>>> print(open('query.txt').read())   # compact mmCIF, C-alpha atoms
# COMPACT_ATOMS: atom_id res chain seq x y z
CA MET A 9 11.30 2.75 -38.98
CA LEU A 10 13.14 1.46 -35.93
CA GLN A 11 13.40 -2.31 -35.78
CA LEU A 12 12.22 -3.96 -32.59
CA PHE A 13 15.28 -6.18 -32.45
CA PRO A 14 18.15 -4.35 -34.20
CA ARG A 15 21.13 -6.40 -35.27
CA ARG A 16 23.96 -6.41 -32.81
CA SER A 17 26.23 -4.76 -35.37
CA GLU A 18 23.97 -1.71 -35.53
CA PHE A 19 24.95 -0.67 -32.04
CA LYS A 20 28.71 -1.27 -32.34
CA ASP A 21 28.78 -1.58 -28.55
CA PRO A 22 31.86 -3.30 -27.12
CA ALA A 23 31.56 -6.24 -24.78
CA ASP A 24 31.96 -3.87 -21.86
CA PRO A 25 30.26 -4.84 -18.58
CA GLU A 26 30.36 -1.25 -17.29
CA LEU A 27 28.59 0.01 -20.42
CA ALA A 28 25.97 -2.73 -20.08
CA ALA A 29 25.39 -1.79 -16.43
CA ARG A 30 25.01 1.91 -17.34
CA LEU A 31 22.55 1.11 -20.12
CA GLU A 32 20.56 -1.13 -17.80
CA ALA A 33 20.45 1.53 -15.07
CA GLU A 34 19.38 4.25 -17.52
CA GLY A 35 16.76 1.92 -19.01
CA ARG A 36 15.34 1.23 -15.55
CA SER A 37 15.28 4.96 -14.83
CA LEU A 38 13.45 5.72 -18.08
CA SER A 39 10.97 2.97 -17.27
CA ALA A 40 10.22 4.58 -13.90
CA GLU A 41 9.56 7.85 -15.75
CA GLY A 42 7.12 6.14 -18.12
CA GLU A 43 9.44 6.37 -21.13
CA SER A 44 8.74 2.83 -22.29
CA ARG A 45 9.99 3.13 -25.87
CA ARG A 46 13.36 4.60 -24.91
CA ALA A 47 13.68 2.26 -21.94
CA GLU A 48 13.06 -0.80 -24.12
CA ARG A 49 15.81 0.16 -26.56
CA LEU A 50 18.43 0.70 -23.86
CA LEU A 51 17.49 -2.46 -22.00
CA HIS A 52 17.77 -4.42 -25.22
CA ARG A 53 21.24 -3.01 -25.82
CA ALA A 54 22.26 -3.95 -22.28
CA ALA A 55 20.94 -7.49 -22.77
CA GLU A 56 22.88 -7.87 -26.01
CA ILE A 57 26.13 -6.78 -24.37
CA TYR A 58 25.59 -9.16 -21.46
CA ARG A 59 24.96 -11.86 -24.03
CA LEU A 60 28.30 -11.10 -25.71
CA LEU A 61 30.00 -11.30 -22.32
CA MET A 62 28.51 -14.75 -21.77
CA SER A 63 31.04 -16.20 -24.20
CA SER A 64 33.79 -15.60 -21.64
CA ASP A 65 31.81 -15.98 -18.40
CA PRO A 66 28.30 -17.40 -18.88
CA GLU A 67 27.57 -17.85 -15.19
CA ALA A 68 28.26 -14.17 -14.48
CA TYR A 69 26.15 -12.74 -17.27
CA GLU A 70 23.37 -15.09 -18.41
CA LEU A 71 20.99 -14.07 -15.64
CA LYS A 72 21.77 -10.37 -16.22
CA ALA A 73 20.97 -10.79 -19.92
CA ALA A 74 17.74 -12.62 -19.16
CA VAL A 75 16.64 -9.94 -16.68
CA CYS A 76 17.25 -7.19 -19.24
CA TYR A 77 15.28 -9.07 -21.91
CA ASN A 78 12.51 -9.46 -19.34
CA LEU A 79 12.52 -5.75 -18.54
CA ALA A 80 12.47 -4.84 -22.22
CA GLY A 81 9.51 -7.19 -22.67
CA THR A 82 7.72 -5.49 -19.79
CA GLU A 83 8.07 -2.14 -21.57
CA GLN A 84 6.50 -3.62 -24.69
CA GLU A 85 3.72 -5.05 -22.55
CA PHE A 86 3.03 -1.58 -21.12
CA LEU A 87 2.58 -0.44 -24.72
CA LYS A 88 0.19 -3.36 -25.31
CA LYS A 89 2.56 -4.84 -27.88
CA TYR A 90 2.02 -8.34 -26.58
CA GLU A 91 3.67 -10.31 -29.38
CA ASP A 92 6.79 -8.16 -29.17
CA ALA A 93 6.81 -8.57 -25.39
CA ARG A 94 6.51 -12.32 -25.79
CA ARG A 95 9.52 -12.39 -28.09
CA TYR A 96 11.63 -10.73 -25.42
CA TYR A 97 10.35 -13.07 -22.71
CA GLN A 98 11.08 -16.05 -24.96
CA MET A 99 14.65 -14.82 -25.48
CA ALA A 100 15.06 -14.84 -21.71
CA VAL A 101 13.54 -18.33 -21.50
CA ASP A 102 15.94 -19.62 -24.17
CA LEU A 103 18.90 -18.46 -22.09
CA LEU A 104 17.61 -19.76 -18.78
CA GLU A 105 16.44 -23.16 -20.00
CA ARG A 106 19.97 -23.85 -21.27
CA SER A 107 21.63 -22.53 -18.12
CA SER A 108 23.98 -24.78 -16.18
CA ARG A 109 22.64 -22.97 -13.08
CA LYS A 110 19.04 -23.93 -13.82
CA GLN A 111 18.57 -25.48 -10.38
CA GLU A 112 19.70 -22.38 -8.49
CA PRO A 113 16.77 -20.52 -6.87
CA ALA A 114 17.55 -17.17 -8.54
CA VAL A 115 17.60 -18.74 -12.02
CA THR A 116 14.56 -20.93 -11.33
CA GLU A 117 12.63 -17.92 -10.05
CA GLN A 118 13.51 -15.83 -13.11
CA LEU A 119 12.47 -18.67 -15.42
CA ALA A 120 9.16 -18.99 -13.58
CA ASP A 121 8.66 -15.23 -13.95
CA GLU A 122 9.25 -15.50 -17.70
CA TYR A 123 6.72 -18.32 -18.05
CA SER A 124 4.19 -16.25 -16.11
CA ASN A 125 4.85 -13.21 -18.28
CA ILE A 126 4.43 -15.21 -21.47
CA GLY A 127 1.16 -16.51 -20.06
CA ASP A 128 0.03 -12.92 -19.55
CA THR A 129 0.73 -12.03 -23.19
CA PHE A 130 -1.54 -14.88 -24.30
CA PHE A 131 -4.19 -14.09 -21.67
CA TYR A 132 -4.51 -10.48 -22.78
CA LYS A 133 -5.27 -11.75 -26.29
CA SER A 134 -7.84 -14.25 -24.91
CA LYS A 135 -5.68 -17.20 -26.00
CA TYR A 136 -6.61 -19.14 -22.91
CA ALA A 137 -5.15 -22.55 -23.77
CA ASP A 138 -1.71 -21.06 -24.38
CA ALA A 139 -1.96 -18.87 -21.29
CA LYS A 140 -2.89 -21.88 -19.16
CA LYS A 141 0.13 -23.85 -20.41
CA TYR A 142 2.60 -21.18 -19.33
CA TYR A 143 0.85 -20.37 -16.06
CA GLN A 144 1.05 -24.05 -15.15
CA LEU A 145 4.77 -24.11 -15.97
CA ALA A 146 5.26 -21.09 -13.72
CA LEU A 147 3.19 -22.63 -10.93
CA GLY A 148 5.24 -25.82 -11.03
CA LEU A 149 8.50 -23.93 -10.55
CA TYR A 150 7.11 -21.63 -7.85
CA ALA A 151 5.76 -24.66 -6.00
CA GLU A 152 9.25 -26.19 -6.00
CA LEU A 153 10.72 -22.93 -4.70
CA GLU A 154 8.00 -22.73 -2.02
CA LYS A 155 9.53 -25.80 -0.39
CA THR A 156 12.38 -23.56 0.77
CA GLY A 157 9.90 -21.94 3.18
CA GLU A 158 10.34 -18.40 1.88
CA ASP A 159 7.10 -16.42 2.10
CA THR A 160 7.81 -14.63 -1.16
CA TYR A 161 7.49 -17.94 -3.01
CA LYS A 162 4.16 -18.58 -1.31
CA GLU A 163 3.01 -15.28 -2.78
CA ASP A 164 4.25 -16.39 -6.19
CA VAL A 165 2.26 -19.61 -5.89
CA ALA A 166 -0.84 -17.62 -4.94
CA TYR A 167 -0.29 -15.28 -7.89
CA SER A 168 -0.05 -18.24 -10.29
CA LEU A 169 -3.21 -19.78 -8.85
CA ASP A 170 -4.95 -16.43 -9.39
CA SER A 171 -3.71 -16.28 -12.99
CA LEU A 172 -4.99 -19.78 -13.72
CA ALA A 173 -8.32 -18.93 -12.09
CA LYS A 174 -8.70 -15.93 -14.41
CA VAL A 175 -8.15 -18.25 -17.40
CA HIS A 176 -10.94 -20.52 -16.15
CA VAL A 177 -13.21 -17.50 -15.72
CA GLY A 178 -12.45 -16.54 -19.32
CA GLU A 179 -13.39 -20.05 -20.37
CA LYS A 180 -16.53 -19.88 -18.17
CA GLU A 181 -15.27 -22.82 -16.10
CA TYR A 182 -16.47 -21.26 -12.88
CA VAL A 183 -16.17 -24.24 -10.53
CA LYS A 184 -12.48 -24.68 -11.39
CA ALA A 185 -11.94 -20.94 -10.95
CA MET A 186 -13.56 -21.06 -7.50
CA GLU A 187 -11.26 -23.86 -6.40
CA LEU A 188 -8.16 -21.96 -7.46
CA TYR A 189 -9.26 -18.68 -5.89
CA GLN A 190 -9.99 -20.51 -2.63
CA LYS A 191 -6.46 -21.97 -2.65
CA ALA A 192 -4.98 -18.51 -3.23
CA ILE A 193 -7.15 -17.12 -0.43
CA GLY A 194 -5.87 -19.82 1.91
CA ILE A 195 -2.28 -18.80 1.18
CA TYR A 196 -2.87 -15.09 1.77
CA GLU A 197 -4.89 -15.74 4.92
CA GLY A 198 -2.00 -17.83 6.23
CA LEU A 199 0.56 -15.16 5.36
CA LEU A 200 -1.53 -12.48 7.03
CA ALA A 201 -2.05 -14.60 10.15
CA SER A 202 1.72 -15.14 10.39
CA GLN A 203 2.27 -11.41 10.90
CA THR A 204 1.26 -11.46 14.56
CA GLN A 205 3.84 -8.99 15.86
CA VAL A 206 4.35 -5.68 14.08
CA GLU A 207 7.55 -3.95 15.10
CA MET A 208 9.29 -2.69 11.98
CA PRO A 209 7.99 -0.53 9.09
CA GLU A 210 8.62 -3.40 6.68
CA ASP A 211 6.29 -5.58 8.79
CA LYS A 212 3.53 -3.00 8.37
CA ALA A 213 4.19 -2.93 4.63
CA LEU A 214 3.86 -6.72 4.50
CA ILE A 215 0.54 -6.61 6.34
CA GLU A 216 -0.73 -3.93 3.97
CA ASN A 217 0.38 -5.98 0.96
CA TYR A 218 -1.11 -9.25 2.21
CA SER A 219 -4.37 -7.51 3.17
CA SER A 220 -4.67 -5.88 -0.25
CA GLU A 221 -3.93 -9.12 -2.11
CA LEU A 222 -6.38 -11.02 0.07
CA ALA A 223 -9.09 -8.41 -0.56
CA ASP A 224 -8.52 -8.75 -4.31
CA GLU A 225 -8.92 -12.52 -4.05
CA TYR A 226 -12.15 -12.12 -2.08
CA ILE A 227 -13.49 -9.83 -4.81
CA SER A 228 -12.48 -12.24 -7.56
CA LEU A 229 -14.15 -15.17 -5.82
CA GLY A 230 -17.22 -13.06 -5.12
CA TYR A 231 -17.41 -12.12 -8.76
CA VAL A 232 -17.33 -15.78 -9.81
CA PHE A 233 -20.18 -16.56 -7.41
CA SER A 234 -22.15 -13.71 -8.95
CA CYS A 235 -21.52 -15.18 -12.43
CA VAL A 236 -23.37 -18.34 -11.39
CA LYS A 237 -26.03 -16.23 -9.62
CA ASP A 238 -25.00 -17.43 -6.17
CA TYR A 239 -25.53 -13.95 -4.80
CA GLU A 240 -25.39 -14.81 -1.10
CA ASP A 241 -21.87 -16.21 -1.35
CA ALA A 242 -20.88 -13.32 -3.62
CA GLU A 243 -22.14 -10.90 -0.98
CA GLU A 244 -20.17 -12.70 1.75
CA TYR A 245 -16.85 -12.32 -0.07
CA TYR A 246 -17.57 -8.77 -1.21
CA LYS A 247 -18.20 -7.85 2.44
CA LYS A 248 -14.93 -9.49 3.51
CA ALA A 249 -13.10 -7.45 0.89
CA ALA A 250 -14.85 -4.27 2.02
CA GLU A 251 -13.76 -4.85 5.64
CA LEU A 252 -10.13 -5.19 4.59
CA TYR A 253 -10.21 -2.17 2.30
CA GLU A 254 -11.91 -0.08 4.99
CA ARG A 255 -9.01 -0.83 7.34
CA LEU A 256 -6.46 -0.12 4.64
CA ALA A 257 -8.15 3.15 3.69
CA LYS A 258 -7.82 4.37 7.28
CA VAL A 259 -4.09 3.57 7.37
CA ASN A 260 -3.23 4.61 3.82
CA PRO A 261 -6.04 6.75 2.38
CA GLY A 262 -4.00 8.01 -0.54
CA GLU A 263 -3.74 4.53 -2.02
CA PHE A 264 -6.90 2.80 -0.88
CA VAL A 265 -9.77 5.29 -0.67
CA ASP A 266 -10.40 5.22 -4.42
CA ILE A 267 -10.13 1.43 -4.45
CA LEU A 268 -12.67 1.23 -1.63
CA ALA A 269 -15.01 3.58 -3.48
CA SER A 270 -14.83 1.42 -6.62
CA HIS A 271 -15.54 -1.67 -4.52
CA TYR A 272 -18.60 0.00 -3.00
CA GLU A 273 -19.83 0.60 -6.56
CA ASP A 274 -19.33 -3.10 -7.31
CA MET A 275 -21.32 -3.96 -4.19
CA ALA A 276 -24.10 -1.62 -5.34
CA ALA A 277 -24.17 -3.47 -8.68
CA LEU A 278 -24.42 -6.78 -6.80
CA TYR A 279 -27.37 -5.51 -4.76
CA GLU A 280 -28.99 -4.33 -7.99
CA ASP A 281 -28.76 -7.91 -9.27
CA MET A 282 -30.16 -9.12 -5.94
CA LYS A 283 -33.05 -6.66 -6.30
CA GLN A 284 -32.25 -4.93 -3.03
CA PRO A 285 -32.60 -1.24 -3.95
CA ASP A 286 -32.07 0.04 -0.41
CA LEU A 287 -28.65 -1.59 -0.15
CA GLU A 288 -27.83 -0.59 -3.70
CA GLU A 289 -28.54 3.04 -2.83
CA LEU A 290 -26.59 2.75 0.45
CA TYR A 291 -23.39 1.61 -1.26
CA LEU A 292 -23.71 4.10 -4.10
CA ASP A 293 -23.95 6.79 -1.45
CA LYS A 294 -20.89 5.40 0.36
CA ALA A 295 -18.93 5.46 -2.90
CA GLN A 296 -20.01 9.00 -3.69
CA ARG A 297 -18.99 10.24 -0.25
CA LEU A 298 -15.49 8.80 -0.75
CA HIS A 299 -15.16 10.31 -4.24
CA TYR A 300 -15.87 13.76 -2.82
>>> encode(input="query.txt", output="structure tokens")
Amino acid sequence: MLQLFPRRSEFKDPADPELAARLEAEGRSLSAEGESRRAERLLHRAAEIYRLLMSSDPEAYELKAAVCYNLAGTEQEFLKKYEDARRYYQMAVDLLERSSRKQEPAVTEQLADEYSNIGDTFFYKSKYADAKKYYQLALGLYAELEKTGEDTYKEDVAYSLDSLAKVHVGEKEYVKAMELYQKAIGIYEGLLASQTQVEMPEDKALIENYSSELADEYISLGYVFSCVKDYEDAEEYYKKAAELYERLAKVNPGEFVDILASHYEDMAALYEDMKQPDLEELYLDKAQRLHY
């Protein structure tokens, strides 16, 4: 049986940066093809070579090693091997926490990503206290990076707020979840409002991304309101999400029509809870029309 973390001597790979780069590139390619098991093994080999190279030039290779451990962990996460994924993420954390470049944005961002990923591995196993600890570590670092003014870090902050909110939902702490979702919504609404002039294709992609993320947050907040039987507020946010998805489905039907149909089904379920059969039937019909 193949060991998850083979000993370095098993590979007999030299400390060759070109070999490490080739292994990393092939691992990324296999990942894109859905070959998670093969991708994980090659990415691990690349990480180990980068780690060997750190002895002569740590600043050049520590981040490369951490990224490859992270990618290998992601492959294990795809396979739902959460403890194995966490071990890879922790190996990346061990490198980055000791880094002399810890204050550099690229290293800080990667460390925040690792904390967030470790949080995910605990969340998927319903270990909410552990998940919360790592999500909070990630949020703290992203919040520091946000001070640079880069919009991408604002998105990272919003993502961490969303992750923490999900933990509170799991713990049935609905008021805390609402507060966090509302903060995330505020960030995405601000990012979307900032895109006032659309000139380049990448601007359109940003608007699509912000709109989709905002719609997801509306749905999440609506769901929490439905959990406490505040159906009117749930309906308000479900409708806001529907409006965004309807726009997105017109622009990019291949990606968003099915999502919109699923959301209509969620709205039908809400109206069932609200004992409004006419609206329930209306949204079921809307969903069916999109499916066919």
>>> axis_aligned_box(input="query.txt", around="stretch 211-218 of chain A", padding_each_side="3 Å", output="AutoDock Vina command-line options")
--center_x 2.6 --center_y -6.1 --center_z 4.9 --size_x 13.4 --size_y 12.3 --size_z 13.8
>>> closest_residue(input="query.txt", among="A:Leu256, A:Val175, A:Leu278, A:Leu51", to="A:Ser234", atoms="only C-alpha atoms")
A:Leu278
>>> residues_around(input="query.txt", residues="stretch 155-167 of chain A", least_positions_apart="5", cutoff="12 Å", atoms="all atoms listed in the file", output="ChimeraX atom specification")
/A:112-114,116-118,120-121,124-125,128,143-150,172-174,188-200,202-203,214,217-218,221-222,224-225
>>> atom_distance(input="query.txt", atom1="atom CA of A:Tyr96", atom2="atom CA of A:Glu152")
24.9 Å
>>> closest_residue(input="query.txt", among="A:Tyr245, A:Phe264, A:Tyr69, A:Phe131", to="A:Gly178", atoms="all atoms listed in the file")
A:Phe131
>>> residues_around(input="query.txt", residues="A:Gly35", least_positions_apart="3", cutoff="7 Å", atoms="all atoms listed in the file", output="PDB file with C-alpha atoms, in the coordinates of the input")
ATOM      1  CA  LEU A  31      22.550   1.110 -20.120  1.00  0.00           C
ATOM      2  CA  GLU A  32      20.560  -1.130 -17.800  1.00  0.00           C
ATOM      3  CA  LEU A  38      13.450   5.720 -18.080  1.00  0.00           C
ATOM      4  CA  SER A  39      10.970   2.970 -17.270  1.00  0.00           C
ATOM      5  CA  ALA A  47      13.680   2.260 -21.940  1.00  0.00           C
ATOM      6  CA  GLU A  48      13.060  -0.800 -24.120  1.00  0.00           C
ATOM      7  CA  LEU A  50      18.430   0.700 -23.860  1.00  0.00           C
ATOM      8  CA  LEU A  51      17.490  -2.460 -22.000  1.00  0.00           C
TER       9      LEU A  51
END
>>> closest_residue(input="query.txt", among="A:Ala276, A:Ala74, A:Leu290, A:Ile126", to="A:Ala54", atoms="only C-alpha atoms")
A:Ala74
>>> residues_around(input="query.txt", residues="stretch 265-267 of chain A", least_positions_apart="4", cutoff="12 Å", atoms="all atoms listed in the file", output="MDAnalysis selection string")
chainID A and resid 220 223:224 227 249:250 252:261 271:274 294:300
>>> closest_residue(input="query.txt", among="A:Arg30, A:Glu83, A:Ala185, A:Pro25", to="A:Ser64", atoms="all atoms listed in the file")
A:Pro25
>>> residues_around(input="query.txt", residues="A:Ala73", least_positions_apart="5", cutoff="10 Å", atoms="all atoms listed in the file", output="MDAnalysis selection string")
chainID A and resid 28 32 51:62 66 68 78:79 99:100 103:104
